$ cat run10.txt   # compact mmCIF, C-alpha atoms
# COMPACT_ATOMS: atom_id res chain seq x y z
CA MET A 137 -4.42 -23.98 -28.43
CA ILE A 138 -6.13 -26.37 -26.06
CA GLU A 139 -9.88 -26.37 -26.40
CA SER A 140 -10.67 -26.32 -22.71
CA PRO A 141 -14.13 -26.87 -21.33
CA SER A 142 -15.79 -23.84 -19.80
CA PHE A 143 -14.53 -22.65 -16.42
CA ASP A 144 -11.45 -24.80 -16.72
CA HIS A 145 -9.45 -24.72 -13.50
CA ARG A 146 -6.15 -25.22 -15.27
CA PRO A 147 -4.20 -22.52 -17.07
CA ASP A 148 -3.94 -22.96 -20.83
CA PRO A 149 -0.17 -23.26 -21.34
CA GLU A 150 -0.24 -22.51 -25.06
CA LEU A 151 -2.40 -19.45 -24.77
CA GLY A 152 -0.42 -18.39 -21.71
CA ALA A 153 2.91 -18.69 -23.52
CA ALA A 154 1.61 -16.79 -26.51
CA LEU A 155 0.18 -14.00 -24.39
CA ARG A 156 3.37 -13.83 -22.37
CA ALA A 157 5.42 -13.41 -25.52
CA ALA A 158 3.04 -10.72 -26.76
CA LEU A 159 3.21 -8.77 -23.50
CA GLU A 160 6.88 -9.30 -22.74
CA PRO A 161 8.80 -6.02 -22.63
CA ALA A 162 11.36 -5.68 -25.38
CA ASP A 163 14.09 -4.13 -23.23
CA ASP A 164 16.33 -5.54 -20.58
CA GLN A 165 14.70 -5.89 -17.17
CA SER A 166 17.70 -4.21 -15.56
CA VAL A 167 16.76 -0.87 -17.12
CA PHE A 168 13.38 -1.00 -15.43
CA LEU A 169 14.94 -2.12 -12.15
CA ALA A 170 17.35 0.82 -12.26
CA ARG A 171 14.60 3.37 -12.85
CA VAL A 172 12.50 2.04 -9.97
CA MET A 173 15.46 1.98 -7.60
CA ALA A 174 16.38 5.52 -8.65
CA GLN A 175 13.10 6.62 -7.07
CA TYR A 176 13.58 4.60 -3.87
CA ASP A 177 15.04 7.37 -1.72
CA ASN A 178 12.76 10.07 -3.13
CA VAL A 179 9.68 8.06 -2.34
CA LEU A 180 10.77 7.33 1.23
CA ASP A 181 11.69 11.00 1.73
CA ARG A 182 8.32 12.09 0.40
CA SER A 183 6.50 9.67 2.65
CA SER A 184 8.50 10.99 5.64
CA VAL A 185 7.66 14.55 4.63
CA ALA A 186 4.04 13.55 4.38
CA MET A 187 4.26 12.14 7.92
CA PHE A 188 5.73 15.42 9.20
CA ASP A 189 2.98 17.30 7.38
CA VAL A 190 0.44 15.27 9.31
CA LEU A 191 2.24 15.94 12.58
CA ALA A 192 2.45 19.64 11.72
CA SER A 193 -1.25 19.75 11.06
CA TRP A 194 -1.78 18.33 14.54
CA PHE A 195 0.63 20.80 16.14
CA ARG A 196 -1.56 23.93 16.23
CA PRO A 197 -4.71 22.30 17.63
CA GLY A 198 -2.49 20.41 20.05
CA MET A 199 -0.91 23.63 21.31
CA VAL A 200 -4.32 25.30 21.75
CA ALA A 201 -5.61 22.29 23.68
CA ALA A 202 -2.51 22.25 25.88
CA ALA A 203 -2.83 26.00 26.62
CA ALA A 204 -6.50 25.62 27.47
CA ALA A 205 -5.69 22.71 29.78
CA LEU A 206 -2.97 24.78 31.46
CA VAL A 207 -5.31 27.75 32.10
CA LEU A 208 -8.01 25.46 33.45
CA GLY A 209 -5.45 23.75 35.65
CA ILE A 210 -4.25 27.09 37.09
CA LEU A 211 -7.79 28.26 37.79
CA PHE A 212 -8.69 24.97 39.43
CA GLY A 213 -5.52 25.00 41.49
CA ARG A 214 -6.19 28.52 42.71
CA THR A 215 -9.68 27.63 43.77
CA ILE A 216 -8.40 24.68 45.74
CA LEU A 217 -5.65 26.72 47.37
CA ASP A 218 -8.08 29.51 48.29
CA ARG A 219 -10.30 27.02 50.04
CA MET A 220 -7.38 25.52 51.95
CA SER A 221 -5.61 28.77 53.03
CA PRO A 222 -5.67 29.51 56.84
CA GLU A 223 -7.53 32.61 58.08
CA SER A 224 -4.62 33.91 60.14
CA ILE A 225 -1.18 32.95 61.30
CA ASP A 226 -2.54 32.86 64.81
CA ALA A 227 -5.02 30.22 63.82
CA ALA A 228 -2.29 28.30 62.05
CA LEU A 229 -0.04 28.25 65.05
CA ALA A 230 -2.73 27.69 67.64
CA PRO A 231 -2.55 24.31 69.35
CA LEU A 232 -5.57 22.14 69.18
CA GLU A 233 -6.20 22.74 72.91
CA GLY A 234 -5.17 25.55 75.31
CA PRO A 235 -5.07 29.35 75.20
CA GLY A 236 -2.93 29.70 72.12
CA LEU A 237 -0.09 32.00 71.08
CA ALA A 238 -1.82 35.24 72.05
CA ALA A 239 -2.35 34.04 75.62
CA LEU A 240 1.28 32.98 75.85
CA VAL A 241 2.59 36.36 74.69
CA THR A 242 0.26 38.48 76.87
CA ALA A 243 0.63 36.47 80.08
CA GLU A 244 1.99 38.33 83.10
CA ASP A 245 4.15 35.44 84.32
CA PRO A 246 6.81 33.96 82.01
CA PRO A 247 5.87 30.54 80.78
CA ASP A 248 7.55 27.41 81.99
CA PRO A 249 10.03 26.62 79.18
CA SER A 250 9.72 22.87 79.69
CA VAL A 251 5.98 23.14 79.03
CA VAL A 252 6.57 25.28 75.91
CA PHE A 253 9.18 22.94 74.50
CA THR A 254 7.16 19.88 75.33
CA SER A 255 4.18 21.34 73.52
CA LEU A 256 6.37 22.06 70.48
CA VAL A 257 8.06 18.67 70.46
CA GLU A 258 4.93 16.66 71.20
CA PRO A 259 2.14 17.61 68.92
CA MET B 74 6.24 -16.18 -8.69
CA GLY B 75 8.74 -16.04 -5.88
CA SER B 76 8.33 -18.23 -2.88
CA SER B 77 6.19 -16.54 -0.31
CA GLY B 78 8.62 -17.48 2.49
CA ASP B 79 11.42 -15.68 0.72
CA ASP B 80 9.13 -12.79 -0.02
CA ALA B 81 8.17 -12.40 3.63
CA GLY B 82 11.83 -12.18 4.60
CA LEU B 83 12.55 -9.64 1.88
CA VAL B 84 9.53 -7.59 2.90
CA ALA B 85 10.69 -7.60 6.52
CA ARG B 86 14.16 -6.45 5.47
CA THR B 87 12.67 -3.76 3.23
CA ARG B 88 10.55 -2.51 6.11
CA ALA B 89 13.71 -2.27 8.17
CA GLY B 90 15.21 -0.01 5.50
CA ASP B 91 17.16 -2.55 3.47
CA ARG B 92 17.31 -1.06 -0.01
CA ALA B 93 18.83 -4.17 -1.57
CA ALA B 94 15.95 -6.34 -0.34
CA PHE B 95 13.49 -4.06 -2.09
CA GLY B 96 15.63 -4.35 -5.21
CA ILE B 97 15.33 -8.14 -5.13
CA LEU B 98 11.55 -7.89 -4.82
CA VAL B 99 11.40 -5.52 -7.79
CA GLU B 100 13.62 -7.81 -9.84
CA ARG B 101 11.50 -10.80 -8.92
CA TYR B 102 8.17 -9.23 -9.81
CA ALA B 103 9.14 -6.77 -12.54
CA GLY B 104 8.21 -9.09 -15.40
CA GLN B 105 4.78 -9.84 -13.99
CA ALA B 106 4.06 -6.25 -13.11
CA ARG B 107 5.07 -4.96 -16.53
CA ARG B 108 3.02 -7.60 -18.36
CA VAL B 109 -0.08 -7.01 -16.26
CA ALA B 110 0.27 -3.25 -16.73
CA ARG B 111 0.74 -3.70 -20.45
CA ALA B 112 -2.37 -5.86 -20.65
CA VAL B 113 -4.29 -2.93 -19.14
CA LEU B 114 -2.62 -0.03 -20.92
CA GLY B 115 -1.42 -1.46 -24.21
CA ASP B 116 1.39 1.02 -24.63
CA PRO B 117 4.68 -0.34 -23.23
CA ASP B 118 5.91 3.04 -21.93
CA ASP B 119 2.65 3.75 -20.13
CA ALA B 120 2.80 0.21 -18.78
CA ASP B 121 6.29 0.72 -17.37
CA ASP B 122 5.21 3.98 -15.74
CA ALA B 123 2.26 2.20 -14.15
CA ALA B 124 4.39 -0.75 -13.03
CA GLN B 125 6.86 1.69 -11.45
CA ASP B 126 4.01 3.53 -9.73
CA GLY B 127 2.84 0.18 -8.42
CA PHE B 128 6.22 -0.79 -6.95
CA LEU B 129 6.76 2.60 -5.33
CA SER B 130 3.24 2.66 -3.98
CA ALA B 131 3.81 -0.81 -2.53
CA LEU B 132 7.02 0.44 -0.91
CA VAL B 133 5.13 3.23 0.86
CA LYS B 134 2.28 0.91 1.85
CA LEU B 135 4.49 -1.95 2.97
CA GLY B 136 3.41 -1.39 6.57
CA GLN B 137 -0.11 -2.42 5.56
CA TYR B 138 0.99 -5.74 4.07
CA ASP B 139 0.03 -8.82 6.08
CA SER B 140 3.11 -11.03 5.89
CA ARG B 141 1.04 -14.16 6.56
CA ARG B 142 -0.42 -13.78 3.08
CA PRO B 143 1.44 -14.22 -0.22
CA PHE B 144 3.13 -11.09 -1.43
CA GLY B 145 2.52 -11.54 -5.18
CA PRO B 146 -1.26 -11.07 -5.21
CA TRP B 147 -0.95 -8.09 -2.84
CA LEU B 148 1.57 -6.44 -5.14
CA MET B 149 -0.37 -7.30 -8.31
CA ARG B 150 -3.46 -5.69 -6.86
CA ILE B 151 -1.53 -2.47 -6.39
CA VAL B 152 -0.01 -2.68 -9.87
CA ALA B 153 -3.37 -3.44 -11.49
CA ASN B 154 -4.95 -0.49 -9.68
CA ALA B 155 -2.05 1.77 -10.61
CA SER B 156 -2.53 0.76 -14.23
CA THR B 157 -6.25 1.46 -14.14
CA ASP B 158 -5.63 4.81 -12.42
CA ARG B 159 -3.09 5.80 -15.03
CA ARG B 160 -5.47 4.79 -17.79
CA ARG B 161 -8.23 6.94 -16.33
CA ARG B 162 -5.98 9.86 -15.42
CA ARG B 163 -4.41 10.21 -18.79
CA ASN B 164 -7.57 9.27 -20.58
CA VAL B 165 -5.28 7.01 -22.46
CA ARG B 166 -6.00 6.70 -26.11
CA LYS B 167 -8.02 3.69 -26.96
CA VAL B 168 -5.59 1.10 -28.15
CA GLU B 169 -5.30 1.47 -31.89
CA PRO B 170 -8.42 0.31 -33.67
CA LEU B 171 -8.12 -3.29 -34.48
CA ASP B 172 -6.64 -3.96 -37.87
CA THR B 173 -9.16 -6.34 -39.38
CA SER B 174 -6.50 -7.88 -41.54
CA LEU B 175 -4.68 -8.88 -38.37
CA VAL B 176 -7.68 -10.34 -36.64
CA GLY B 177 -9.53 -11.74 -39.58
CA GLY B 178 -6.66 -13.45 -41.28
CA GLY B 179 -5.07 -11.31 -43.94
CA PRO B 180 -2.22 -12.49 -46.09
CA ARG B 181 0.33 -14.24 -43.97
CA PRO B 182 3.85 -12.87 -44.08
CA ASP B 183 6.83 -15.12 -44.31
CA ALA B 184 8.79 -16.57 -41.43
CA ALA B 185 10.76 -13.59 -40.14
CA ALA B 186 7.73 -11.48 -39.36
CA MET B 187 5.38 -14.26 -38.35
CA ARG B 188 6.17 -14.25 -34.67
CA SER B 189 5.92 -10.50 -34.52
CA GLU B 190 2.60 -10.59 -36.29
CA LEU B 191 1.26 -13.19 -33.90
CA ASN B 192 2.23 -10.98 -30.96
CA GLN B 193 0.55 -8.04 -32.61
CA ARG B 194 -2.60 -10.07 -33.21
CA LEU B 195 -2.70 -11.14 -29.59
CA ARG B 196 -2.24 -7.62 -28.30
CA ALA B 197 -4.95 -6.39 -30.61
CA ALA B 198 -7.22 -9.22 -29.51
CA LEU B 199 -6.52 -8.43 -25.87
CA ALA B 200 -7.27 -4.78 -26.46
CA GLU B 201 -10.72 -5.77 -27.66
CA LEU B 202 -11.56 -7.28 -24.29
CA PRO B 203 -12.99 -5.37 -21.35
CA GLU B 204 -10.24 -4.37 -18.92
CA ARG B 205 -11.24 -6.72 -16.12
CA ARG B 206 -11.40 -9.66 -18.53
CA ARG B 207 -7.94 -8.81 -19.81
CA LYS B 208 -6.51 -8.71 -16.31
CA ALA B 209 -8.19 -11.98 -15.38
CA VAL B 210 -6.92 -13.97 -18.34
CA VAL B 211 -3.38 -12.60 -18.06
CA LEU B 212 -3.20 -13.23 -14.33
CA PHE B 213 -4.55 -16.76 -14.78
CA ASP B 214 -2.98 -18.05 -18.00
CA VAL B 215 0.21 -16.00 -18.06
CA GLU B 216 1.09 -15.38 -14.43
CA GLY B 217 -0.33 -18.57 -12.97
CA TYR B 218 -2.42 -17.10 -10.17
CA SER B 219 -5.37 -19.12 -8.92
CA HIS B 220 -8.95 -18.03 -9.35
CA ALA B 221 -9.11 -17.26 -5.64
CA GLU B 222 -5.98 -15.13 -5.77
CA ILE B 223 -7.25 -13.25 -8.81
CA ALA B 224 -10.54 -12.67 -7.01
CA GLY B 225 -8.53 -10.99 -4.26
CA ILE B 226 -6.45 -8.99 -6.72
CA LEU B 227 -9.43 -7.71 -8.69
CA GLY B 228 -11.80 -7.47 -5.74
CA ILE B 229 -14.48 -9.59 -7.39
CA PRO B 230 -16.07 -12.95 -6.53
CA GLU B 231 -14.22 -16.09 -7.55
CA GLY B 232 -17.10 -17.20 -9.77
CA THR B 233 -16.83 -13.94 -11.69
CA VAL B 234 -13.13 -14.58 -12.23
CA ARG B 235 -13.89 -17.99 -13.74
CA SER B 236 -16.47 -16.42 -15.99
CA GLU B 237 -14.11 -13.64 -17.07
CA VAL B 238 -11.32 -16.09 -17.88
CA PHE B 239 -13.72 -18.29 -19.80
CA HIS B 240 -15.09 -15.42 -21.90
CA ALA B 241 -11.63 -13.98 -22.50
CA ARG B 242 -10.34 -17.30 -23.75
CA ARG B 243 -13.33 -17.79 -25.98
CA ARG B 244 -12.94 -14.33 -27.44
CA LEU B 245 -9.20 -14.72 -27.98
CA ARG B 246 -9.69 -18.05 -29.66
CA THR B 247 -12.38 -16.68 -31.92
CA LEU B 248 -10.27 -13.71 -32.93
CA LEU B 249 -7.28 -15.90 -33.60
CA ALA B 250 -9.12 -18.84 -35.08
CA ASP B 251 -7.55 -18.42 -38.44
CA TRP B 252 -4.06 -18.53 -37.07
CA LYS B 253 -2.72 -21.94 -37.85
CA GLU B 254 0.87 -21.36 -36.85
CA PRO B 255 1.83 -23.31 -33.75
CA MET B 256 2.19 -20.92 -30.86
CA ARG B 257 5.45 -22.17 -29.52
$ encode --input "run10.txt" --output "structure tokens"
Amino acid sequence: MIESPSFDHRPDPELGAALRAALEPADDQSVFLARVMAQYDNVLDRSSVAMFDVLASWFRPGMVAAAAALVLGILFGRTILDRMSPESIDAALAPLEGPGLAALVTAEDPPDPSVVFTSLVEP
Amino acid sequence: MGSSGDDAGLVARTRAGDRAAFGILVERYAGQARRVARAVLGDPDDADDAAQDGFLSALVKLGQYDSRRPFGPWLMRIVANASTDRRRRRNVRKVEPLDTSLVGGGPRPDAAAMRSELNQRLRAALAELPERRRKAVVLFDVEGYSHAEIAGILGIPEGTVRSEVFHARRRLRTLLADWKEPMR
């Protein structure tokens, strides 16, 4: 063996070769290769299953959160709609100026159609 | 060690689901992985189990591998850890107590058994070393990794690697001092 100084940067080829021979497996490498490859599909399947397990663990909390968001959304939407809803159909149909629908219906003289249509066509 | 360029391509193909590419990587690194595992575990069957664990664990973790770095040290780290885990998990028997006749220079058998005896002496001598020291000397002198790479594999400072290799060599040489047979 080479008597190397301490902290030698170079590998010791003699010691390396001897250790390699001592640690070298006795059997053919192909046997080992075959046993590793036999597990290839199983391992990938297991890792996929593990991924689905993770997704499944997220599913329940995700569903609860989605339901809560939906309920909150409905309540919020209702509040907004309540605030925006008109007080009566009369108010909704009333023009911005003039006597409005009630005055038109209760008038003694029939209205001038051209005025009515003009008011409908021209907002 | 395989060329890192080739390795990167094989890793990319493996990630894409190419079974054959993974097979080439296993073939390329099987020897190293089995030797490193055997240095840790002693028993060849345990070592093969650990090496297999290492390859399959690497397959699952391949998404975490940074392809800009060499593949060998990354894989050896996983194999070395798998070996240590297996050793702890099984509370593996301490490697057979050292036969003093082997270490101290008993009667030397004739030619046919000499090589086998030398291998046995070396394994026994290795078994005497602390695990980290064993890994360091095997990775450096047998597998040809640099101190820096071994530091990454073992997760220790580079200076500690140098020290471990130095002490391992010194110990191995002391234990085998009486062996006069040329090693090749």
$ closest_atom_pairs --input "run10.txt" --of "chain B" --to "chain A" --cutoff "7 Å" --atoms "all atoms listed in the file" --output "tab-separated table"
residue	atom	partner	partner_atom	distance
B:Gly96	CA	A:Met173	CA	6.8
B:Val99	CA	A:Leu169	CA	6.6
B:Glu100	CA	A:Leu169	CA	6.3
B:Arg108	CA	A:Leu159	CA	5.3
B:Arg111	CA	A:Leu159	CA	6.4
B:Ala112	CA	A:Leu159	CA	6.9
B:Gln125	CA	A:Val172	CA	5.8
B:Leu129	CA	A:Val179	CA	6.9
B:Val133	CA	A:Ser183	CA	6.8
B:Asn192	CA	A:Ala158	CA	4.3
B:Gln193	CA	A:Ala158	CA	6.9
B:Leu195	CA	A:Ala158	CA	6.4
B:Arg196	CA	A:Ala158	CA	6.3
B:Phe213	CA	A:Pro147	CA	6.2
B:Asp214	CA	A:Gly152	CA	4.5
B:Val215	CA	A:Gly152	CA	4.4
B:Gly217	CA	A:Pro147	CA	6.9
B:Arg235	CA	A:Phe143	CA	5.4
B:Ser236	CA	A:Phe143	CA	6.5
B:Phe239	CA	A:Phe143	CA	5.6
B:Met256	CA	A:Ala154	CA	6.0
$ atom_distance --input "run10.txt" --atom1 "atom CA of B:Ala198" --atom2 "atom CA of B:Arg101"
27.9 Å
$ residues_around --input "run10.txt" --residues "B:Arg150" --least-positions-apart "4" --cutoff "12 Å" --atoms "all atoms listed in the file" --output "JSON, numbers by chain"
{"B": [105, 106, 109, 110, 124, 127, 128, 130, 131, 138, 143, 144, 145, 146, 154, 155, 156, 157, 208, 209, 212, 218, 222, 223, 224, 225, 226, 227, 228, 229]}
$ residues_around --input "run10.txt" --residues "B:Ala85" --least-positions-apart "3" --cutoff "10 Å" --atoms "only C-alpha atoms" --output "list in words"
Asp79, Asp80, Ala81, Gly82, Arg88, Ala89, Gly90, Asp91, Ala94, Phe95, Leu135, Gly136 and Ser140 of chain B
$ atom_distance --input "run10.txt" --atom1 "atom CA of A:Asp181" --atom2 "atom CA of B:Arg141"
27.7 Å
$ atom_distance --input "run10.txt" --atom1 "atom CA of B:Leu148" --atom2 "atom CA of B:Ala123"
12.5 Å
$ decode --input "run10.txt" --residues "stretch 133-165 of chain B" --atoms "C-alpha atoms" --output "PDB file, in the first residue's frame"
ATOM      1  CA  VAL B 133     -39.743   8.533  -6.116  1.00  0.00           C
ATOM      2  CA  LYS B 134     -37.678  11.609  -5.229  1.00  0.00           C
ATOM      3  CA  LEU B 135     -36.398  12.228  -8.745  1.00  0.00           C
ATOM      4  CA  GLY B 136     -38.458  15.411  -8.944  1.00  0.00           C
ATOM      5  CA  GLN B 137     -36.281  16.872  -6.185  1.00  0.00           C
ATOM      6  CA  TYR B 138     -33.024  16.220  -8.040  1.00  0.00           C
ATOM      7  CA  ASP B 139     -31.292  19.312  -9.412  1.00  0.00           C
ATOM      8  CA  SER B 140     -30.079  18.232 -12.845  1.00  0.00           C
ATOM      9  CA  ARG B 141     -27.357  20.899 -12.844  1.00  0.00           C
ATOM     10  CA  ARG B 142     -25.542  18.865 -10.210  1.00  0.00           C
ATOM     11  CA  PRO B 143     -23.915  15.453 -10.698  1.00  0.00           C
ATOM     12  CA  PHE B 144     -26.269  12.568 -10.194  1.00  0.00           C
ATOM     13  CA  GLY B 145     -23.832  10.142  -8.518  1.00  0.00           C
ATOM     14  CA  PRO B 146     -23.329  12.005  -5.237  1.00  0.00           C
ATOM     15  CA  TRP B 147     -27.075  12.693  -4.994  1.00  0.00           C
ATOM     16  CA  LEU B 148     -27.845   9.008  -5.437  1.00  0.00           C
ATOM     17  CA  MET B 149     -25.061   7.881  -3.090  1.00  0.00           C
ATOM     18  CA  ARG B 150     -26.414  10.136  -0.384  1.00  0.00           C
ATOM     19  CA  ILE B 151     -29.769   8.398  -0.652  1.00  0.00           C
ATOM     20  CA  VAL B 152     -28.155   4.952  -0.695  1.00  0.00           C
ATOM     21  CA  ALA B 153     -25.916   5.765   2.277  1.00  0.00           C
ATOM     22  CA  ASN B 154     -28.920   7.044   4.236  1.00  0.00           C
ATOM     23  CA  ALA B 155     -30.981   4.007   3.267  1.00  0.00           C
ATOM     24  CA  SER B 156     -28.166   1.799   4.532  1.00  0.00           C
ATOM     25  CA  THR B 157     -27.937   3.645   7.823  1.00  0.00           C
ATOM     26  CA  ASP B 158     -31.724   3.536   8.223  1.00  0.00           C
ATOM     27  CA  ARG B 159     -31.796  -0.184   7.587  1.00  0.00           C
ATOM     28  CA  ARG B 160     -28.996  -0.702  10.060  1.00  0.00           C
ATOM     29  CA  ARG B 161     -30.875   1.203  12.739  1.00  0.00           C
ATOM     30  CA  ARG B 162     -34.277  -0.270  11.913  1.00  0.00           C
ATOM     31  CA  ARG B 163     -33.195  -3.836  12.050  1.00  0.00           C
ATOM     32  CA  ASN B 164     -30.771  -3.214  14.842  1.00  0.00           C
ATOM     33  CA  VAL B 165     -28.465  -5.152  12.646  1.00  0.00           C
TER      34      VAL B 165
END
